[in-house]
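Colleague: Contents of work09.tsv (TSV, C-alpha atoms) are below:
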chain	number	residue	atom	x	y	z
O	1	MET	CA	0.00	0.00	0.00
O	2	GLY	CA	1.19	3.47	-0.80
O	3	ALA	CA	1.30	6.29	1.66
O	4	VAL	CA	-2.02	7.42	3.04
O	5	THR	CA	-2.75	10.80	1.51
O	6	LEU	CA	-5.49	13.37	1.65
O	7	ALA	CA	-7.80	13.32	-1.33
O	8	ALA	CA	-6.87	16.78	-2.56
O	9	VAL	CA	-3.92	18.98	-3.18
O	10	SER	CA	-4.75	20.99	-0.10
O	11	LEU	CA	-3.43	22.15	3.25
O	12	GLN	CA	-2.92	25.54	1.62
O	13	PRO	CA	-3.89	28.91	3.03
O	14	VAL	CA	-7.49	29.78	2.29
O	15	ALA	CA	-6.30	32.54	0.01
O	16	ALA	CA	-4.29	30.16	-2.18
O	17	HIS	CA	-5.47	29.39	-5.68
O	18	ALA	CA	-5.08	26.18	-7.67
O	19	ALA	CA	-7.20	25.03	-10.57
O	20	PRO	CA	-9.40	22.01	-9.79
O	21	VAL	CA	-7.90	19.04	-11.51
O	22	PRO	CA	-12.37	14.46	-11.81
O	23	ILE	CA	-13.49	11.26	-10.37
O	24	VAL	CA	-11.54	8.11	-11.35
O	25	GLY	CA	-13.70	5.79	-13.47
O	26	GLY	CA	-16.47	8.35	-13.76
O	27	THR	CA	-18.81	9.53	-16.50
O	28	PRO	CA	-19.81	13.11	-17.34
O	29	ALA	CA	-22.58	14.60	-15.23
O	30	GLY	CA	-25.35	16.43	-17.02
O	31	GLN	CA	-25.84	20.17	-16.72
O	32	GLY	CA	-28.08	20.71	-13.68
O	33	GLU	CA	-27.92	17.06	-12.59
O	34	PHE	CA	-26.27	17.94	-9.27
O	35	PRO	CA	-27.06	21.65	-8.83
O	36	PHE	CA	-25.71	21.69	-5.29
O	37	MET	CA	-22.13	20.94	-6.41
O	38	VAL	CA	-19.55	23.66	-5.86
O	39	SER	CA	-15.98	23.98	-7.10
O	40	LEU	CA	-13.63	25.88	-4.78
O	41	SER	CA	-10.66	27.88	-6.00
O	42	MET	CA	-8.10	26.18	-3.73
O	43	GLY	CA	-8.65	22.93	-5.65
O	44	CYS	CA	-11.41	21.32	-3.59
O	45	GLY	CA	-15.10	20.60	-3.99
O	46	GLY	CA	-18.06	21.30	-1.78
O	47	SER	CA	-21.84	21.32	-1.59
O	48	LEU	CA	-24.40	24.01	-0.90
O	49	TYR	CA	-25.43	23.42	2.70
O	50	LYS	CA	-27.33	26.70	2.60
O	51	LYS	CA	-27.64	29.06	-0.34
O	52	ASP	CA	-24.82	31.14	1.16
O	53	VAL	CA	-22.88	28.41	2.98
O	54	VAL	CA	-20.70	25.70	1.41
O	55	LEU	CA	-19.88	22.47	3.25
O	56	THR	CA	-16.40	21.15	2.47
O	57	ALA	CA	-13.46	19.37	4.16
O	58	ALA	CA	-11.45	20.82	7.04
O	59	HIS	CA	-8.19	19.91	5.30
O	60	CYS	CA	-9.15	22.18	2.38
O	61	VAL	CA	-8.93	25.32	4.52
O	62	ASN	CA	-6.37	26.85	6.83
O	63	GLY	CA	-8.20	27.35	10.09
O	64	SER	CA	-11.18	29.58	10.90
O	65	GLY	CA	-11.65	33.27	10.33
O	66	ASN	CA	-12.57	35.99	7.89
O	67	THR	CA	-11.33	35.59	4.32
O	68	THR	CA	-12.20	36.77	0.84
O	69	GLY	CA	-9.56	34.50	-0.67
O	70	ILE	CA	-11.83	31.65	-1.78
O	71	THR	CA	-14.00	31.73	-4.89
O	72	ALA	CA	-16.92	29.30	-5.15
O	73	THR	CA	-18.08	28.36	-8.65
O	74	ALA	CA	-21.54	26.86	-9.07
O	75	GLY	CA	-24.35	26.45	-11.57
O	76	VAL	CA	-22.38	24.61	-14.26
O	77	ALA	CA	-21.14	21.07	-14.85
O	78	ASP	CA	-18.42	22.47	-17.11
O	79	LEU	CA	-16.46	25.12	-15.23
O	80	GLY	CA	-15.63	26.82	-18.49
O	81	ALA	CA	-19.24	27.17	-19.61
O	82	ALA	CA	-21.14	30.41	-19.83
O	83	GLY	CA	-23.44	31.01	-16.91
O	84	ALA	CA	-21.03	29.95	-14.17
O	85	ILE	CA	-21.86	31.62	-10.87
O	86	LYS	CA	-18.79	32.84	-9.01
O	87	VAL	CA	-19.02	34.14	-5.45
O	88	LYS	CA	-16.23	35.12	-3.03
O	89	SER	CA	-16.01	33.84	0.53
O	90	THR	CA	-16.33	36.07	3.59
O	91	LYS	CA	-15.62	33.66	6.44
O	92	VAL	CA	-14.51	30.08	7.14
O	93	ILE	CA	-15.27	27.80	10.08
O	94	GLN	CA	-13.00	24.78	10.33
O	95	ALA	CA	-14.24	21.94	12.54
O	96	PRO	CA	-13.35	22.78	16.16
O	97	GLY	CA	-10.50	20.58	17.34
O	98	TYR	CA	-9.45	19.51	13.85
O	99	ASN	CA	-5.85	18.28	13.93
O	100	GLY	CA	-5.47	16.41	10.65
O	101	ALA	CA	-7.20	13.20	11.70
O	102	GLY	CA	-11.00	12.95	11.79
O	103	LYS	CA	-13.39	15.89	12.17
O	104	ASP	CA	-12.75	16.65	8.50
O	105	TRP	CA	-15.44	19.23	7.80
O	106	ALA	CA	-15.57	22.98	7.31
O	107	LEU	CA	-18.07	25.66	6.33
O	108	ILE	CA	-17.47	28.58	3.97
O	109	LYS	CA	-19.71	31.62	4.18
O	110	LEU	CA	-20.37	33.26	0.81
O	111	ALA	CA	-20.66	36.97	0.12
O	112	ARG	CA	-24.11	36.46	-1.36
O	113	PRO	CA	-26.60	33.59	-1.71
O	114	ILE	CA	-26.50	31.32	-4.76
O	115	ASP	CA	-30.02	30.66	-5.99
O	116	LEU	CA	-29.62	26.92	-6.48
O	117	PRO	CA	-30.93	23.86	-4.61
O	118	THR	CA	-29.10	22.95	-1.42
O	119	LEU	CA	-28.10	19.43	-0.35
O	120	LYS	CA	-29.50	18.26	2.95
O	121	ILE	CA	-27.22	16.26	5.21
O	122	ALA	CA	-27.87	13.02	7.04
O	123	THR	CA	-28.64	13.49	10.74
O	124	ASN	CA	-28.49	9.79	11.63
O	125	THR	CA	-26.91	6.62	10.28
O	126	ARG	CA	-30.02	5.42	8.41
O	127	TYR	CA	-28.53	6.16	5.00
O	128	ASN	CA	-24.94	5.12	5.78
O	129	ARG	CA	-25.33	2.01	3.63
O	130	GLY	CA	-26.08	0.90	0.10
O	131	THR	CA	-24.65	2.55	-2.99
O	132	PHE	CA	-23.51	6.16	-3.01
O	133	THR	CA	-22.92	8.72	-5.73
O	134	ILE	CA	-19.69	10.69	-5.86
O	135	ALA	CA	-19.01	13.67	-8.10
O	136	GLY	CA	-16.20	16.12	-8.59
O	137	TRP	CA	-13.69	17.90	-10.77
O	138	GLY	CA	-10.63	16.07	-9.38
O	139	ASP	CA	-7.98	13.91	-11.06
O	140	THR	CA	-9.10	11.06	-13.35
O	141	ALA	CA	-6.13	8.91	-12.32
O	142	GLU	CA	-3.73	8.74	-9.40
O	143	ASP	CA	-1.08	11.46	-9.69
O	144	ALA	CA	-2.44	12.40	-13.12
O	145	GLY	CA	-2.53	16.14	-12.60
O	146	THR	CA	-4.02	16.49	-16.07
O	147	GLY	CA	-7.06	18.50	-15.03
O	148	THR	CA	-10.47	18.94	-16.59
O	149	THR	CA	-13.30	21.37	-16.28
O	150	LYS	CA	-15.97	18.68	-16.66
O	151	LEU	CA	-17.89	17.42	-13.63
O	152	LEU	CA	-17.72	13.62	-13.43
O	153	LYS	CA	-19.89	11.22	-11.45
O	154	ALA	CA	-19.67	7.60	-10.33
O	155	LYS	CA	-21.27	5.12	-7.95
O	156	VAL	CA	-19.47	3.34	-5.12
O	157	PRO	CA	-20.80	0.82	-2.57
O	158	PHE	CA	-20.55	1.13	1.19
O	159	VAL	CA	-17.62	-0.70	2.79
O	160	ALA	CA	-17.99	-1.79	6.41
O	161	ASP	CA	-15.47	-0.50	8.96
O	162	ALA	CA	-14.05	-3.99	9.53
O	163	LYS	CA	-13.18	-4.37	5.85
O	164	CYS	CA	-11.92	-0.82	5.58
O	165	LYS	CA	-9.59	-1.38	8.54
O	166	ARG	CA	-7.90	-4.17	6.57
O	167	ALA	CA	-6.58	-1.43	4.31
O	168	TYR	CA	-6.01	1.34	6.85
O	169	GLY	CA	-5.77	-0.22	10.30
O	170	SER	CA	-5.89	2.30	13.13
O	171	ASP	CA	-5.69	5.22	10.69
O	172	LEU	CA	-9.42	4.77	10.13
O	173	ILE	CA	-11.45	6.56	12.81
O	174	ALA	CA	-14.62	4.48	13.06
O	175	GLY	CA	-17.62	6.57	14.03
O	176	GLN	CA	-16.16	9.66	12.37
O	177	GLU	CA	-15.42	8.20	8.95
O	178	ILE	CA	-17.27	6.05	6.43
O	179	CYS	CA	-15.69	4.05	3.62
O	180	ALA	CA	-16.87	3.30	0.10
O	181	GLY	CA	-15.35	1.65	-2.96
O	182	LEU	CA	-15.22	-1.42	-5.17
O	183	PRO	CA	-13.03	-4.37	-4.09
O	184	ARG	CA	-11.48	-4.45	-7.57
O	185	GLY	CA	-10.82	-0.72	-7.47
O	186	GLY	CA	-11.13	1.35	-10.61
O	187	VAL	CA	-13.68	3.85	-9.28
O	188	ASP	CA	-12.88	6.41	-6.62
O	189	THR	CA	-12.51	10.04	-5.69
O	190	CYS	CA	-9.02	11.46	-6.15
O	191	GLN	CA	-6.86	14.56	-5.71
O	192	GLY	CA	-9.01	17.62	-6.28
O	193	ASP	CA	-12.26	15.96	-5.19
O	194	SER	CA	-11.71	16.66	-1.48
O	195	GLY	CA	-14.55	18.39	0.29
O	196	GLY	CA	-17.12	17.27	-2.24
O	197	PRO	CA	-20.18	15.29	-1.19
O	198	MET	CA	-20.89	11.57	-1.20
O	199	PHE	CA	-24.66	11.24	-1.43
O	200	ARG	CA	-27.60	8.95	-2.17
O	201	LYS	CA	-31.39	9.07	-2.38
O	202	ASP	CA	-33.41	9.06	0.84
O	203	ASP	CA	-36.80	7.39	1.33
O	204	SER	CA	-38.45	10.31	-0.44
O	205	ALA	CA	-36.14	9.94	-3.45
O	206	LYS	CA	-34.35	13.18	-2.54
O	207	TRP	CA	-30.58	13.51	-2.48
O	208	ILE	CA	-29.01	13.38	0.97
O	209	GLN	CA	-25.33	13.82	1.82
O	210	VAL	CA	-23.77	11.05	3.90
O	211	GLY	CA	-20.07	11.78	3.40
O	212	ILE	CA	-17.43	14.38	2.61
O	213	VAL	CA	-14.46	13.36	0.46
O	214	SER	CA	-11.58	13.13	2.93
O	215	TRP	CA	-8.62	10.82	2.24
O	216	GLY	CA	-7.35	7.47	1.02
O	217	ALA	CA	-4.32	5.50	-0.15
O	218	GLY	CA	-3.81	6.59	-3.72
O	219	CYS	CA	-6.84	6.58	-6.01
O	220	ALA	CA	-9.02	3.62	-7.06
O	221	ARG	CA	-6.55	0.96	-5.92
O	222	PRO	CA	-7.94	-2.55	-5.33
O	223	MET	CA	-8.99	-3.27	-1.73
O	224	THR	CA	-8.33	0.34	-0.66
O	225	PRO	CA	-11.67	2.16	-0.33
O	226	GLY	CA	-12.05	5.90	-0.26
O	227	VAL	CA	-12.51	7.38	3.21
O	228	TYR	CA	-15.18	10.01	3.80
O	229	THR	CA	-16.18	12.14	6.76
O	230	GLU	CA	-19.31	10.56	8.26
O	231	VAL	CA	-21.66	13.52	8.03
O	232	SER	CA	-24.29	12.17	10.44
O	233	THR	CA	-21.71	12.15	13.25
O	234	PHE	CA	-21.18	15.89	12.86
O	235	ALA	CA	-24.65	16.99	11.73
O	236	SER	CA	-25.42	18.81	14.99
O	237	ALA	CA	-22.02	20.50	15.10
O	238	ILE	CA	-22.35	21.57	11.46
O	239	SER	CA	-25.81	22.99	12.15
O	240	ARG	CA	-24.60	24.92	15.18
O	241	ALA	CA	-21.62	26.31	13.30
O	242	ALA	CA	-23.76	27.37	10.34
O	243	ALA	CA	-26.09	29.23	12.68
O	244	THR	CA	-23.20	31.49	13.68
O	245	LEU	CA	-22.35	32.52	10.12
How does the structure come out when it is put into structure tokens?
Modeller:
Amino acid sequence: MGAVTLAAVSLQPVAAHAAPVPIVGGTPAGQGEFPFMVSLSMGCGGSLYKKDVVLTAAHCVNGSGNTTGITATAGVADLGAAGAIKVKSTKVIQAPGYNGAGKDWALIKLARPIDLPTLKIATNTRYNRGTFTIAGWGDTAEDAGTGTTKLLKAKVPFVADAKCKRAYGSDLIAGQEICAGLPRGGVDTCQGDSGGPMFRKDDSAKWIQVGIVSWGAGCARPMTPGVYTEVSTFASAISRAAATL
């Protein structure tokens, strides 16, 4: 197994800028298919938690505080298409107590609301099973760095903690993280997808977010699932933090 790495070229100051570079083994998403998807200028993804608040990964930002250094792009599957909505950040809240392991969530307050559908988050473990959808503008292969402006999507099945620990041992924080991936590999999130949502349909056939792209060993390797922040664990904390923005 290669070194365990975060799923994005990140850990940069919130003012840093790097072009997003998509899902391994994915197919193009249609315009408007996932209207809650957001591309962030530091090379991460995110989702519209509220019309003026983006939910992303803690490792994509550099602490909490006021900042205008992040640009959120929404409203398009192709980042180069006409009609892209671009809004600057005003403030970031990184998960309290985040130290590089677990608690991998953050909120970005936008300067103005984006009039697009939001993505509700799971508040319990009911939907932490089955097959999930992943989407993003990250690398299409491990260490590819080729980049694309097209949003890609794929489906990955839930992987139980016991099986995921076979790949990651004690690095996996059960209860804070959820794993997903195919045993044969070939489909996964990758560098540049960090902070984006992992989601599925709820009992009302509405999208619900169950994970945040967090980390993994390489991209799409056999028997090495992707690791995602377990959103339901932090739903209350995320709600409380958002209320302060």
Colleague: Using only C-alpha atoms for the distances, tell me which of O:Ala205, O:Leu151, O:Ala72, O:Ala135 is nearest to Pro28 of chain O.
Modeller: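 Of O:Ala205, O:Leu151, O:Ala72, O:Ala135, the one nearest Pro28 of chain O, counting only C-alpha atoms, is O:Leu151.
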Colleague: Can you tell me, as an MDAnalysis selection string, what residues are no more than 9 Å from Arg166 of chain O when counting only C-alpha atoms, ignoring any on the same chain fewer than 3 positions away?
Modeller: chainID O and resid 161:163 169 223:224
Colleague: Skip Pro35 of chain O itself and residues of its chain fewer than 2 positions away, then list as a PyMOL selection string all residues within 9 Å of it, counting all atoms listed in the file.
Modeller: chain O and resi 31-33+37-38+47-48+74-77+116-119
Colleague: To one decimal place, how far is atom CA of Arg129 of chain O from atom CA of Ser214 of chain O in Å?
Modeller: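 The value is 17.7 Å.
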Colleague: Looking at only C-alpha atoms, which of O:Lys165, O:Arg240, O:Lys88, O:His59 is the one that sits closest to Asp193 of chain O?
Modeller: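 The closest residue to Asp193 of chain O is O:His59.
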Colleague: Between atom CA of Lys91 of chain O and atom CA of Leu110 of chain O, what is the spacing in Å?
Modeller: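 According to the coordinates, atom CA of Leu110 of chain O and atom CA of Lys91 of chain O are separated by 7.4 Å.
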Colleague: Taking all atoms listed in the file into account, name the residue in O:Gly43, O:Gly80, O:Gly26, O:Gly63 that is nearest to Tyr98 of chain O.
Modeller: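 Closest to Tyr98 of chain O, using all atoms listed in the file: O:Gly63.
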Colleague: Could you check how far atom CA of Thr56 of chain O sits from atom CA of Ala243 of chain O, in Å to one decimal?
Modeller: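 Atom-to-atom, atom CA of Thr56 of chain O to atom CA of Ala243 of chain O, that is 16.2 Å.
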Colleague: My list of candidates is O:Ala84, O:Ala160, O:Ala106, O:Met198. Which is closest to Thr133 of chain O when distances are computed with all atoms listed in the file?
Modeller: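 Under the stated criterion, the closest residue is O:Met198.
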Colleague: Closest to Lys206 of chain O among O:Thr71, O:Phe34, O:Ile178, O:Gly45, using all atoms listed in the file?
Modeller: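 The answer is O:Phe34, which sits nearest to Lys206 of chain O.
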Colleague: Residues within 9 Å of (-13.5, 35.1, 4.0), file coordinates, counting all atoms listed in the file: what are they? Give the list as a ChimeraX atom specification.
Modeller: /O:14-15,65-70,88-92,108-111
Colleague: Just checking: using all atoms listed in the file, which residue out of O:Asn124, O:Thr229, O:Thr73, O:Gln176 ends up closest to Phe36 of chain O?
Modeller: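 Residue with the minimum atom-to-atom distance to Phe36 of chain O: O:Thr73.
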Colleague: Write out as a VMD selection string each polymer residue whose atoms come within 10 Å of Asp104 of chain O, counting only C-alpha atoms; drop sequence neighbours fewer than 6 positions from it.
Modeller: chain O and resid 56 to 60 94 to 98 176 to 177 195 212 to 215 228 to 231 234
Colleague: Quick one: residues within 8 Å of Lys150 of chain O, all atoms listed in the file, excluding same-chain residues fewer than 3 positions away - as a ChimeraX atom specification?
Modeller: /O:22,28-29,77-79,137
Colleague: For Cys164 of chain O, list every protein, DNA or RNA residue within 7 Å, evaluated using all atoms listed in the file, and leave out those in the same chain fewer than 4 positions away; present the list as an MDAnalysis selection string.
Modeller: chainID O and resid 159:160 168 179 225
